[in-house]
>>> print(open('target_19.cif').read())   # mmCIF, C-alpha atoms
data_entry
#
loop_
_atom_site.label_atom_id
_atom_site.label_comp_id
_atom_site.auth_asym_id
_atom_site.auth_seq_id
_atom_site.Cartn_x
_atom_site.Cartn_y
_atom_site.Cartn_z
CA VAL A 1366 -157.09 -51.67 2.64
CA ALA A 1367 -159.91 -49.31 3.63
CA VAL A 1368 -157.48 -46.74 5.08
CA VAL A 1369 -155.25 -46.72 1.99
CA ALA A 1370 -158.26 -46.62 -0.37
CA GLY A 1371 -159.52 -43.56 1.48
CA VAL A 1372 -156.16 -41.78 1.41
CA VAL A 1373 -155.38 -42.35 -2.29
CA ARG A 1374 -156.89 -39.48 -4.25
CA GLN A 1375 -157.18 -41.17 -7.64
CA GLY A 1376 -160.58 -42.80 -7.34
CA LEU A 1377 -161.87 -45.78 -5.41
CA ARG A 1378 -160.61 -48.32 -7.97
CA ILE A 1379 -156.97 -47.23 -7.73
CA GLY A 1380 -157.34 -46.87 -3.96
CA ILE A 1381 -158.49 -50.47 -3.53
CA LEU A 1382 -155.75 -51.80 -5.80
CA THR A 1383 -153.15 -49.84 -3.85
CA GLY A 1384 -154.57 -51.00 -0.52
CA ILE A 1385 -154.46 -54.65 -1.55
CA GLY A 1386 -150.87 -54.26 -2.71
CA LEU A 1387 -149.84 -52.79 0.67
CA ALA A 1388 -152.00 -54.97 2.89
CA GLN A 1389 -149.38 -57.57 3.77
CA THR A 1390 -147.20 -57.39 6.88
CA GLY A 1391 -143.70 -56.32 5.94
CA GLU A 1392 -140.62 -58.43 6.68
CA PHE A 1393 -139.36 -55.68 9.00
CA SER A 1394 -142.25 -56.52 11.35
CA PHE A 1395 -140.50 -59.76 12.25
CA VAL A 1396 -137.49 -57.75 13.39
CA LEU A 1397 -139.70 -55.54 15.53
CA ALA A 1398 -141.48 -58.55 17.02
CA GLU A 1399 -138.14 -60.16 17.86
CA ALA A 1400 -137.06 -56.99 19.65
CA ALA A 1401 -140.41 -56.56 21.45
CA ALA A 1402 -140.52 -60.08 22.96
CA PRO A 1403 -137.56 -59.68 25.37
CA SER A 1404 -139.00 -56.36 26.54
CA GLY A 1405 -142.25 -57.98 27.53
CA LEU A 1406 -144.33 -56.11 24.95
CA LEU A 1407 -145.36 -59.41 23.34
CA ASP A 1408 -145.91 -62.60 25.32
CA ASP A 1409 -145.24 -65.99 23.73
CA SER A 1410 -148.86 -66.60 22.77
CA LEU A 1411 -149.36 -63.18 21.17
CA SER A 1412 -145.99 -63.40 19.46
CA GLN A 1413 -146.94 -66.72 17.81
CA ILE A 1414 -150.26 -65.28 16.66
CA PHE A 1415 -148.47 -62.23 15.23
CA ILE A 1416 -145.96 -64.36 13.35
CA ALA A 1417 -148.65 -66.72 12.00
CA GLY A 1418 -150.80 -63.81 10.87
CA SER A 1419 -147.85 -62.09 9.18
CA ILE A 1420 -146.96 -65.26 7.28
CA CYS A 1421 -150.57 -65.64 6.16
CA THR A 1422 -150.66 -62.09 4.77
CA LEU A 1423 -147.39 -62.63 2.88
CA ILE A 1424 -148.73 -65.85 1.35
CA ALA A 1425 -152.12 -64.36 0.51
CA THR A 1426 -150.93 -61.10 -1.07
CA PRO A 1427 -149.87 -62.49 -4.50
CA PHE A 1428 -153.23 -64.19 -4.88
CA LEU A 1429 -155.12 -61.07 -3.73
CA VAL A 1430 -153.22 -58.91 -6.21
CA GLN A 1431 -154.06 -61.36 -8.99
CA LEU A 1432 -157.75 -61.34 -8.05
CA ALA A 1433 -157.90 -57.58 -7.45
CA PRO A 1434 -158.89 -56.60 -11.04
CA ARG A 1435 -161.82 -59.02 -10.92
CA LEU A 1436 -162.83 -57.64 -7.55
CA ILE A 1437 -162.80 -54.11 -8.92
CA TRP A 1438 -164.86 -55.25 -11.91
CA LYS A 1439 -167.50 -56.63 -9.55
CA LEU A 1440 -167.56 -53.31 -7.72
CA GLY A 1441 -168.40 -51.40 -10.91
CA GLY A 1442 -171.77 -50.28 -9.59
CA MET A 1443 -170.20 -48.93 -6.41
CA LEU A 1444 -167.55 -47.06 -8.40
CA ASP A 1445 -170.13 -45.44 -10.63
CA SER A 1446 -172.00 -44.20 -7.57
CA GLN A 1447 -169.02 -42.11 -6.47
CA PRO A 1448 -169.27 -38.34 -7.05
CA ASP A 1449 -167.80 -36.93 -10.24
CA VAL A 1450 -164.27 -35.60 -10.11
CA ALA A 1451 -164.09 -34.07 -13.58
CA GLU A 1452 -162.91 -30.50 -13.18
CA ALA A 1453 -163.73 -28.90 -16.51
CA PRO A 1454 -166.90 -26.78 -16.65
CA LYS A 1455 -169.76 -28.60 -18.32
CA ASN A 1456 -170.10 -25.94 -21.02
CA ASP A 1457 -166.55 -26.68 -22.19
CA VAL A 1458 -167.50 -30.06 -23.60
CA ASP A 1459 -171.22 -29.86 -24.37
CA GLU A 1460 -170.95 -28.75 -28.00
CA ILE A 1461 -167.84 -30.61 -29.13
CA ALA A 1462 -168.33 -33.24 -31.83
CA GLU A 1463 -166.31 -35.27 -34.33
CA HIS A 1464 -163.38 -35.14 -31.91
CA VAL A 1465 -160.89 -37.64 -30.52
CA ILE A 1466 -160.98 -38.77 -26.89
CA ILE A 1467 -157.52 -39.69 -25.59
CA ILE A 1468 -157.66 -41.84 -22.47
CA GLY A 1469 -154.28 -41.68 -20.76
CA TYR A 1470 -151.71 -38.89 -20.96
CA GLY A 1471 -148.59 -41.04 -20.95
CA LEU A 1472 -146.03 -41.02 -23.75
CA ALA A 1473 -148.47 -42.43 -26.32
CA GLY A 1474 -151.23 -40.01 -25.30
CA LYS A 1475 -148.90 -37.01 -25.38
CA THR A 1476 -147.59 -37.93 -28.83
CA LEU A 1477 -151.10 -38.43 -30.20
CA ALA A 1478 -152.21 -35.09 -28.74
CA ARG A 1479 -149.28 -33.29 -30.39
CA ILE A 1480 -150.09 -34.83 -33.78
CA LEU A 1481 -153.79 -33.97 -33.48
CA LYS A 1482 -152.96 -30.40 -32.50
CA VAL A 1483 -150.72 -29.95 -35.54
CA SER A 1484 -153.44 -31.51 -37.71
CA LYS A 1485 -156.03 -29.10 -36.21
CA ILE A 1486 -158.21 -31.98 -35.04
CA GLU A 1487 -160.24 -31.41 -31.88
CA TYR A 1488 -159.58 -33.74 -28.96
CA ARG A 1489 -160.18 -34.22 -25.24
CA ILE A 1490 -157.83 -35.93 -22.78
CA LEU A 1491 -159.03 -38.03 -19.84
CA GLU A 1492 -156.45 -38.60 -17.09
CA GLN A 1493 -156.87 -39.60 -13.45
CA ASN A 1494 -153.24 -39.33 -12.39
CA PRO A 1495 -153.01 -35.90 -10.68
CA ALA A 1496 -149.41 -35.31 -11.79
CA LEU A 1497 -150.11 -36.10 -15.44
CA HIS A 1498 -153.34 -34.11 -15.36
CA ALA A 1499 -151.47 -31.11 -13.92
CA GLU A 1500 -148.83 -31.51 -16.63
CA ALA A 1501 -151.52 -31.53 -19.31
CA GLN A 1502 -153.14 -28.40 -17.86
CA SER A 1503 -149.78 -26.61 -17.68
CA SER A 1504 -149.36 -27.38 -21.39
CA GLN A 1505 -152.79 -25.82 -22.08
CA GLU A 1506 -154.22 -29.17 -23.11
CA PRO A 1507 -158.02 -29.77 -23.03
CA ALA A 1508 -157.76 -32.30 -20.21
CA LEU A 1509 -160.42 -33.63 -17.83
CA PHE A 1510 -159.50 -35.16 -14.48
CA GLY A 1511 -161.43 -38.34 -13.82
CA ASP A 1512 -161.72 -42.10 -14.10
CA ALA A 1513 -162.47 -43.01 -17.73
CA THR A 1514 -164.04 -46.30 -16.66
CA ARG A 1515 -167.04 -44.35 -15.38
CA ALA A 1516 -169.91 -43.46 -17.68
CA SER A 1517 -170.38 -39.98 -16.20
CA ILE A 1518 -166.79 -38.98 -17.02
CA LEU A 1519 -167.10 -40.29 -20.57
CA GLU A 1520 -170.31 -38.30 -21.00
CA ARG A 1521 -168.48 -35.15 -19.91
CA ALA A 1522 -165.90 -35.80 -22.62
CA GLY A 1523 -168.62 -36.03 -25.28
CA VAL A 1524 -168.16 -39.70 -26.08
CA ARG A 1525 -171.53 -39.92 -27.87
CA ARG A 1526 -170.35 -37.41 -30.48
CA ALA A 1527 -166.71 -38.51 -30.66
CA LYS A 1528 -165.15 -39.56 -33.95
CA VAL A 1529 -162.87 -42.09 -32.27
CA VAL A 1530 -161.66 -43.04 -28.79
CA SER A 1531 -158.01 -43.92 -28.18
CA ILE A 1532 -157.16 -45.89 -25.03
CA ALA A 1533 -153.47 -45.84 -24.11
CA ILE A 1534 -153.22 -46.93 -20.47
CA ASN A 1535 -151.23 -49.76 -18.91
CA ASP A 1536 -154.04 -51.14 -16.73
CA HIS A 1537 -155.63 -54.02 -18.66
CA ALA A 1538 -158.58 -54.33 -16.27
CA ALA A 1539 -159.27 -50.60 -16.54
CA THR A 1540 -158.97 -50.81 -20.32
CA ARG A 1541 -161.63 -53.51 -20.42
CA ARG A 1542 -163.96 -51.45 -18.24
CA CYS A 1543 -163.35 -48.39 -20.43
CA ILE A 1544 -164.38 -50.37 -23.51
CA ALA A 1545 -167.48 -51.71 -21.75
CA ALA A 1546 -168.50 -48.24 -20.55
CA ILE A 1547 -167.98 -46.72 -24.01
CA ARG A 1548 -169.95 -49.48 -25.71
CA ASP A 1549 -172.86 -48.94 -23.29
CA ILE A 1550 -173.00 -45.24 -24.15
CA ALA A 1551 -171.84 -45.09 -27.77
CA PRO A 1552 -172.00 -48.52 -29.45
CA GLN A 1553 -170.88 -47.22 -32.85
CA VAL A 1554 -167.85 -45.12 -31.93
CA PRO A 1555 -164.54 -46.71 -33.04
CA ILE A 1556 -162.23 -47.66 -30.17
CA ILE A 1557 -158.50 -47.99 -30.82
CA VAL A 1558 -156.64 -49.63 -27.96
CA ARG A 1559 -152.98 -50.04 -27.15
CA ALA A 1560 -152.14 -53.41 -25.58
CA ARG A 1561 -148.82 -54.33 -24.05
CA TYR A 1562 -149.12 -58.11 -24.24
CA VAL A 1563 -150.15 -60.63 -26.86
CA ARG A 1564 -152.39 -62.47 -24.40
CA ASP A 1565 -154.69 -59.43 -24.12
CA LEU A 1566 -155.44 -59.19 -27.84
CA ASP A 1567 -158.42 -61.53 -28.23
CA ASP A 1568 -159.98 -60.40 -24.97
CA LEU A 1569 -159.98 -56.74 -26.02
CA PHE A 1570 -161.46 -57.53 -29.43
CA ALA A 1571 -164.13 -59.65 -27.79
CA ARG A 1572 -165.09 -56.81 -25.47
CA GLY A 1573 -165.64 -54.37 -28.32
CA ALA A 1574 -162.32 -52.83 -29.36
CA THR A 1575 -162.30 -51.83 -33.03
CA GLU A 1576 -158.52 -51.98 -33.41
CA VAL A 1577 -155.83 -53.18 -31.03
CA VAL A 1578 -152.22 -52.08 -31.40
CA ALA A 1579 -150.10 -54.79 -29.79
CA GLU A 1580 -146.74 -53.44 -28.67
CA GLU A 1581 -145.02 -56.82 -28.91
CA PHE A 1582 -146.19 -57.34 -32.50
CA GLU A 1583 -145.60 -53.78 -33.64
CA SER A 1584 -141.97 -53.93 -32.54
CA THR A 1585 -141.62 -57.13 -34.60
CA ILE A 1586 -143.22 -55.47 -37.64
CA ASP A 1587 -140.85 -52.51 -37.27
CA LEU A 1588 -137.93 -54.95 -37.10
CA PHE A 1589 -138.73 -56.82 -40.32
CA ASN A 1590 -139.60 -53.53 -42.06
CA LYS A 1591 -136.07 -52.30 -41.46
CA VAL A 1592 -134.58 -55.61 -42.60
CA LEU A 1593 -136.63 -55.59 -45.82
CA ARG A 1594 -135.50 -52.03 -46.56
CA VAL A 1595 -131.88 -53.17 -46.39
CA PHE A 1596 -132.72 -55.62 -49.18
CA GLU A 1597 -134.33 -52.77 -51.15
CA VAL A 1598 -137.86 -54.14 -51.06
CA PRO A 1599 -140.15 -51.32 -52.30
CA GLN A 1600 -141.57 -49.17 -49.53
CA GLN A 1601 -145.10 -49.59 -50.85
CA THR A 1602 -144.71 -53.37 -50.68
CA ILE A 1603 -143.49 -53.16 -47.08
CA VAL A 1604 -146.44 -50.96 -46.13
CA GLN A 1605 -148.91 -53.30 -47.82
CA PHE A 1606 -147.41 -56.33 -46.10
CA SER A 1607 -147.48 -54.61 -42.68
CA ASP A 1608 -151.09 -53.54 -43.19
CA ALA A 1609 -152.01 -57.08 -44.20
CA MET A 1610 -150.46 -58.44 -41.00
CA ARG A 1611 -152.51 -55.98 -38.94
CA MET A 1612 -155.67 -56.75 -40.90
CA GLU A 1613 -155.18 -60.43 -40.03
CA ARG A 1614 -154.82 -59.38 -36.35
CA TYR A 1615 -151.19 -60.56 -36.31
CA GLU A 1616 -152.40 -64.13 -36.88
CA PHE A 1617 -149.18 -65.26 -38.55
CA MET A 1618 -147.01 -64.09 -35.63
CA ARG A 1619 -149.33 -65.74 -33.13
CA GLU A 1620 -149.13 -69.14 -34.82
CA SER A 1621 -146.48 -71.79 -34.29
CA SER A 1622 -143.16 -71.09 -36.00
CA GLU A 1623 -143.57 -74.44 -37.79
CA ILE A 1624 -146.58 -73.16 -39.74
CA PRO A 1625 -145.48 -71.54 -43.04
CA LEU A 1626 -146.44 -68.05 -44.09
CA ASP A 1627 -149.91 -67.83 -45.60
CA PRO A 1628 -149.55 -67.94 -49.42
CA TRP A 1629 -151.47 -64.70 -49.95
CA LEU A 1630 -149.15 -62.88 -47.52
CA ALA A 1631 -146.16 -64.28 -49.37
CA GLU A 1632 -147.65 -62.98 -52.62
CA VAL A 1633 -147.83 -59.48 -51.14
CA LEU A 1634 -144.06 -59.48 -50.77
CA GLN A 1635 -143.71 -60.32 -54.46
CA ASP A 1636 -146.43 -58.02 -55.79
CA ILE A 1637 -145.55 -55.44 -58.39
CA SER A 1638 -145.66 -51.93 -56.94
CA SER A 1639 -144.54 -48.43 -57.83
CA GLU A 1640 -141.45 -46.85 -56.30
CA TRP A 1641 -139.48 -43.64 -56.80
CA LEU A 1642 -135.85 -44.43 -57.59
CA GLU A 1643 -133.17 -41.76 -57.76
CA VAL A 1644 -130.61 -41.96 -60.58
CA PRO A 1645 -127.37 -42.51 -58.63
CA TRP A 1646 -124.58 -41.43 -60.96
CA ASN A 1647 -123.02 -37.98 -60.49
CA SER A 1648 -121.32 -37.46 -63.83
CA SER A 1649 -122.54 -35.18 -66.60
CA GLN A 1650 -123.27 -38.19 -68.80
CA GLU A 1651 -126.82 -38.43 -70.20
CA ARG A 1652 -128.51 -41.60 -71.40
CA SER A 1653 -131.88 -42.11 -73.04
CA LEU A 1654 -134.37 -44.69 -71.89
CA VAL A 1655 -133.84 -46.71 -75.06
CA ASP A 1656 -130.07 -46.72 -74.43
CA LEU A 1657 -130.56 -47.92 -70.88
CA ALA A 1658 -132.97 -50.69 -72.04
CA ILE A 1659 -134.51 -50.78 -68.58
CA ARG A 1660 -137.49 -52.90 -69.55
CA ALA A 1661 -135.43 -55.41 -71.51
CA GLN A 1662 -132.73 -55.85 -68.85
CA THR A 1663 -134.79 -55.71 -65.67
CA GLY A 1664 -138.49 -56.03 -66.55
CA ALA A 1665 -139.30 -52.76 -64.75
CA SER A 1666 -141.45 -50.08 -66.40
CA VAL A 1667 -140.72 -46.34 -66.09
CA LEU A 1668 -143.98 -44.51 -65.41
CA ALA A 1669 -142.63 -41.00 -64.91
CA VAL A 1670 -139.46 -38.97 -64.55
CA ARG A 1671 -139.13 -36.17 -62.01
CA ARG A 1672 -136.53 -33.49 -62.67
CA GLN A 1673 -136.35 -30.76 -60.05
CA ASP A 1674 -139.93 -29.44 -59.82
CA ALA A 1675 -141.17 -30.86 -63.13
CA THR A 1676 -142.58 -34.36 -63.67
CA THR A 1677 -142.87 -36.01 -67.09
CA PRO A 1678 -145.44 -38.84 -67.13
CA ASN A 1679 -145.08 -41.74 -69.59
CA PRO A 1680 -141.73 -40.52 -70.97
CA PRO A 1681 -140.99 -41.54 -74.59
CA ALA A 1682 -138.18 -43.97 -75.42
CA ASP A 1683 -135.83 -41.16 -76.50
CA PHE A 1684 -136.29 -39.27 -73.20
CA VAL A 1685 -132.86 -38.40 -71.83
CA ILE A 1686 -132.09 -39.31 -68.23
CA ARG A 1687 -129.75 -37.03 -66.29
CA ALA A 1688 -127.94 -37.21 -62.99
CA GLY A 1689 -130.27 -36.26 -60.16
CA ASP A 1690 -133.45 -37.41 -61.92
CA ALA A 1691 -135.94 -39.59 -60.06
CA LEU A 1692 -137.70 -42.44 -61.85
CA LEU A 1693 -141.16 -43.68 -60.90
CA VAL A 1694 -140.93 -47.36 -61.78
CA LEU A 1695 -143.41 -50.22 -61.68
CA ALA A 1696 -141.56 -53.33 -60.61
CA SER A 1697 -141.48 -56.37 -58.39
CA PRO A 1698 -138.92 -56.44 -55.57
CA THR A 1699 -136.60 -58.57 -57.69
CA GLU A 1700 -136.93 -56.26 -60.72
CA LEU A 1701 -136.32 -53.23 -58.52
CA ARG A 1702 -133.07 -54.70 -57.21
CA GLN A 1703 -131.95 -55.47 -60.76
CA LEU A 1704 -132.72 -51.88 -61.80
CA ARG A 1705 -130.69 -50.48 -58.91
CA GLU A 1706 -127.77 -52.67 -59.97
CA LEU A 1707 -128.15 -51.54 -63.60
CA LEU A 1708 -128.06 -47.87 -62.68
CA ALA A 1709 -125.13 -48.42 -60.32
CA ARG A 1710 -123.06 -49.90 -63.19
CA ILE A 1711 -123.46 -46.83 -65.40
CA GLU A 1712 -120.27 -44.77 -65.63
#
>>> encode(input="target_19.cif", output="C-alpha cells")
Amino acid sequence: VAVVAGVVRQGLRIGILTGIGLAQTGEFSFVLAEAAAPSGLLDDSLSQIFIAGSICTLIATPFLVQLAPRLIWKLGGMLDSQPDVAEAPKNDVDEIAEHVIIIGYGLAGKTLARILKVSKIEYRILEQNPALHAEAQSSQEPALFGDATRASILERAGVRRAKVVSIAINDHAATRRCIAAIRDIAPQVPIIVRARYVRDLDDLFARGATEVVAEEFESTIDLFNKVLRVFEVPQQTIVQFSDAMRMERYEFMRESSEIPLDPWLAEVLQDISSEWLEVPWNSSQERSLVDLAIRAQTGASVLAVRRQDATTPNPPADFVIRAGDALLVLASPTELRQLRELLARIE
C-alpha cells in the first residue's frame, strides 16, 4: 500500500485507495507457487505459509476496500499537512468574487463550464486527475490542479467569495469531505452536489449540501415529463410539478409504492396554467373568437394572440383567428386537451 500510495501522483488520498485496492495477492501467484515448488524455490512449509497468506489477502480485500473511505476520513489531518499542488499563480485567483467553483471536470463539469462561459459568468475548476486537468488547460479553462477536499486548495479557488460551489465527482467519500471543508471555510456559500445513488441523499444534506441532484431520481423525472407531454399536459404544469418534487427532496419517489401521491402534488398536475398553443389548420379560413366559442366549449380563456412579430393582449370577441396564429390560453390540462381537439376539428 505504501509503495503504490507513493507512486500515484494524484494526492495521498487517491494513492491510499489505489494501494488498498491492489494490496491482495493475485490468483496468478498460485500458479507461480505451484511452478516454484518442484524447482526447490519454495519448501513445503514456506509454500503453505504463502498460500495461507494469499488466501487471507483475497478474503480481506473486499472489507478493506469498504472501510477505505472511513480510513481516509480519519487521515484528514495528515492529508491537509501535505504540500499544495495547485499550479495556478496565487495572483490569478486572489481578486475573483461572485464566481462558481466547479469541482470535477468530468462530463457534468465540462457542460456546466461551457454554459457558464456562454453566460459570461466567472468560474474556477478544481481537478486532481492529471489527464482531465491537462484537457482543461488545453481548452484554456481556468483550472487548478489539486485535491478539493483540502482547505488550502479551496482557498486558492476563492471559496470564501464564491457565489456557489458545484460538486460533480463520483467519489462519495471525497464529496463528503469537500462539503465539510467548504463549510469550515465558507459556511454561507451554497453547495450544489450531484449524487449517483439514492442512499447518499440524506447523508449529503446532513453534511451541509444546499441542493442535491440525484441521478436516479432525475432520470425518473425526465421520464414522466416526456410521458406527460405526450398527453399534452401544459409545459408550465410539468415544470411546476418537477420543481415541487425536487423541493420535497424526491420524498414521493423514496416512499413505498403503496403510499398514494400527496394531495397537494396531485393538485399541481390539475392546476390552471398558461400555455402557448399554435392554431393547427393550414387553410385560408378565418374564424373569430366568438365563432369558435372557445370558453363555452372548453372552459379555456384566451389571454393573447401572437401573429408573426405582433402580440395582441386580451383580444376582443370579434378578433379574427388565422392560420399560423399562436394563442396564449389559461387552462387546466383537461381544458387544454379539449381546446386542441376543438382546433383540430376546424376545417
>>> resolve_selection(input="target_19.cif", expression="the PyMOL selection byres ((chain A and resi 1664) around 9)", output="ChimeraX atom specification")
/A:1659-1663,1665-1666,1696-1697,1700-1701,1703-1704
>>> resolve_selection(input="target_19.cif", expression="the PyMOL selection byres ((chain A and resi 1545-1550) around 9)", output="mmCIF file with C-alpha atoms, keeping the file's coordinate frame")
data_model
loop_
_atom_site.group_PDB
_atom_site.id
_atom_site.type_symbol
_atom_site.label_atom_id
_atom_site.label_comp_id
_atom_site.auth_asym_id
_atom_site.auth_seq_id
_atom_site.Cartn_x
_atom_site.Cartn_y
_atom_site.Cartn_z
ATOM 1 C CA ALA A 1513 -162.470 -43.010 -17.730
ATOM 2 C CA THR A 1514 -164.040 -46.300 -16.660
ATOM 3 C CA ARG A 1515 -167.040 -44.350 -15.380
ATOM 4 C CA ALA A 1516 -169.910 -43.460 -17.680
ATOM 5 C CA LEU A 1519 -167.100 -40.290 -20.570
ATOM 6 C CA GLU A 1520 -170.310 -38.300 -21.000
ATOM 7 C CA VAL A 1524 -168.160 -39.700 -26.080
ATOM 8 C CA ARG A 1525 -171.530 -39.920 -27.870
ATOM 9 C CA VAL A 1530 -161.660 -43.040 -28.790
ATOM 10 C CA THR A 1540 -158.970 -50.810 -20.320
ATOM 11 C CA ARG A 1541 -161.630 -53.510 -20.420
ATOM 12 C CA ARG A 1542 -163.960 -51.450 -18.240
ATOM 13 C CA CYS A 1543 -163.350 -48.390 -20.430
ATOM 14 C CA ILE A 1544 -164.380 -50.370 -23.510
ATOM 15 C CA ALA A 1551 -171.840 -45.090 -27.770
ATOM 16 C CA PRO A 1552 -172.000 -48.520 -29.450
ATOM 17 C CA GLN A 1553 -170.880 -47.220 -32.850
ATOM 18 C CA VAL A 1554 -167.850 -45.120 -31.930
ATOM 19 C CA ILE A 1556 -162.230 -47.660 -30.170
ATOM 20 C CA ARG A 1572 -165.090 -56.810 -25.470
ATOM 21 C CA GLY A 1573 -165.640 -54.370 -28.320
#
>>> closest_residue(input="target_19.cif", among="A:Ile1557, A:Ile1466, A:Ala1400, A:Leu1707", to="Ala1522 (chain A)", atoms="only C-alpha atoms")
A:Ile1466
>>> closest_residue(input="target_19.cif", among="A:His1498, A:Lys1485, A:Arg1614, A:Lys1475", to="Ser1531 (chain A)", atoms="only C-alpha atoms")
A:Lys1475
>>> atom_distance(input="target_19.cif", atom1="CA of Arg1652 (chain A)", atom2="CA of Gln1600 (chain A)")
26.6 Å
>>> closest_residue(input="target_19.cif", among="A:Val1465, A:Leu1657, A:Met1610, A:Ile1414", to="Lys1482 (chain A)", atoms="all atoms listed in the file")
A:Val1465
>>> atom_distance(input="target_19.cif", atom1="CA of Ala1533 (chain A)", atom2="CA of Gly1469 (chain A)")
5.4 Å
>>> atom_distance(input="target_19.cif", atom1="CA of Leu1668 (chain A)", atom2="CA of Val1694 (chain A)")
5.5 Å
>>> resolve_selection(input="target_19.cif", expression="the PyMOL selection byres ((chain A and resi 1576) around 9)", output="list in words")
Pro1555, Ile1556, Ile1557, Val1558, Arg1559, Leu1569, Phe1570, Ala1574, Thr1575, Val1577, Val1578 and Arg1614 of chain A
>>> closest_residue(input="target_19.cif", among="A:Thr1422, A:Leu1588, A:Ile1416, A:Arg1526", to="Ile1461 (chain A)", atoms="all atoms listed in the file")
A:Arg1526
>>> residues_around(input="target_19.cif", residues="Leu1491 (chain A)", least_positions_apart="5", cutoff="6 Å", atoms="all atoms listed in the file", output="mmCIF file with C-alpha atoms, in the coordinates of the input")
data_model
loop_
_atom_site.group_PDB
_atom_site.id
_atom_site.type_symbol
_atom_site.label_atom_id
_atom_site.label_comp_id
_atom_site.auth_asym_id
_atom_site.auth_seq_id
_atom_site.Cartn_x
_atom_site.Cartn_y
_atom_site.Cartn_z
ATOM 1 C CA ILE A 1468 -157.660 -41.840 -22.470
ATOM 2 C CA ALA A 1508 -157.760 -32.300 -20.210
ATOM 3 C CA LEU A 1509 -160.420 -33.630 -17.830
#
>>> residues_around(input="target_19.cif", residues="Arg1611 (chain A)", least_positions_apart="5", cutoff="10 Å", atoms="only C-alpha atoms", output="PyMOL selection string")
chain A and resi 1576-1579+1582-1583+1586+1605-1606+1616-1617
>>> closest_residue(input="target_19.cif", among="A:Phe1428, A:Val1655, A:Tyr1615, A:Ala1560", to="Thr1585 (chain A)", atoms="only C-alpha atoms")
A:Tyr1615
>>> residues_around(input="target_19.cif", residues="Thr1390 (chain A)", least_positions_apart="2", cutoff="10 Å", atoms="all atoms listed in the file", output="list of chain:residue names")
A:Leu1387, A:Ala1388, A:Glu1392, A:Phe1393, A:Ser1394, A:Phe1395, A:Phe1415, A:Ile1416, A:Gly1418, A:Ser1419, A:Ile1420, A:Cys1421, A:Thr1422, A:Leu1423, A:Thr1426
>>> residues_around(input="target_19.cif", residues="Ser1504 (chain A)", least_positions_apart="5", cutoff="12 Å", atoms="all atoms listed in the file", output="compact mmCIF listing (two decimals) with C-alpha atoms, keeping the file's coordinate frame")
# COMPACT_ATOMS: atom_id res chain seq x y z
CA TYR A 1470 -151.71 -38.89 -20.96
CA LYS A 1475 -148.90 -37.01 -25.38
CA ALA A 1478 -152.21 -35.09 -28.74
CA ARG A 1479 -149.28 -33.29 -30.39
CA LEU A 1497 -150.11 -36.10 -15.44
CA HIS A 1498 -153.34 -34.11 -15.36
CA ALA A 1499 -151.47 -31.11 -13.92
>>> closest_residue(input="target_19.cif", among="A:Asp1567, A:Glu1706, A:Asp1690, A:Asp1656", to="Leu1642 (chain A)", atoms="all atoms listed in the file")
A:Asp1690
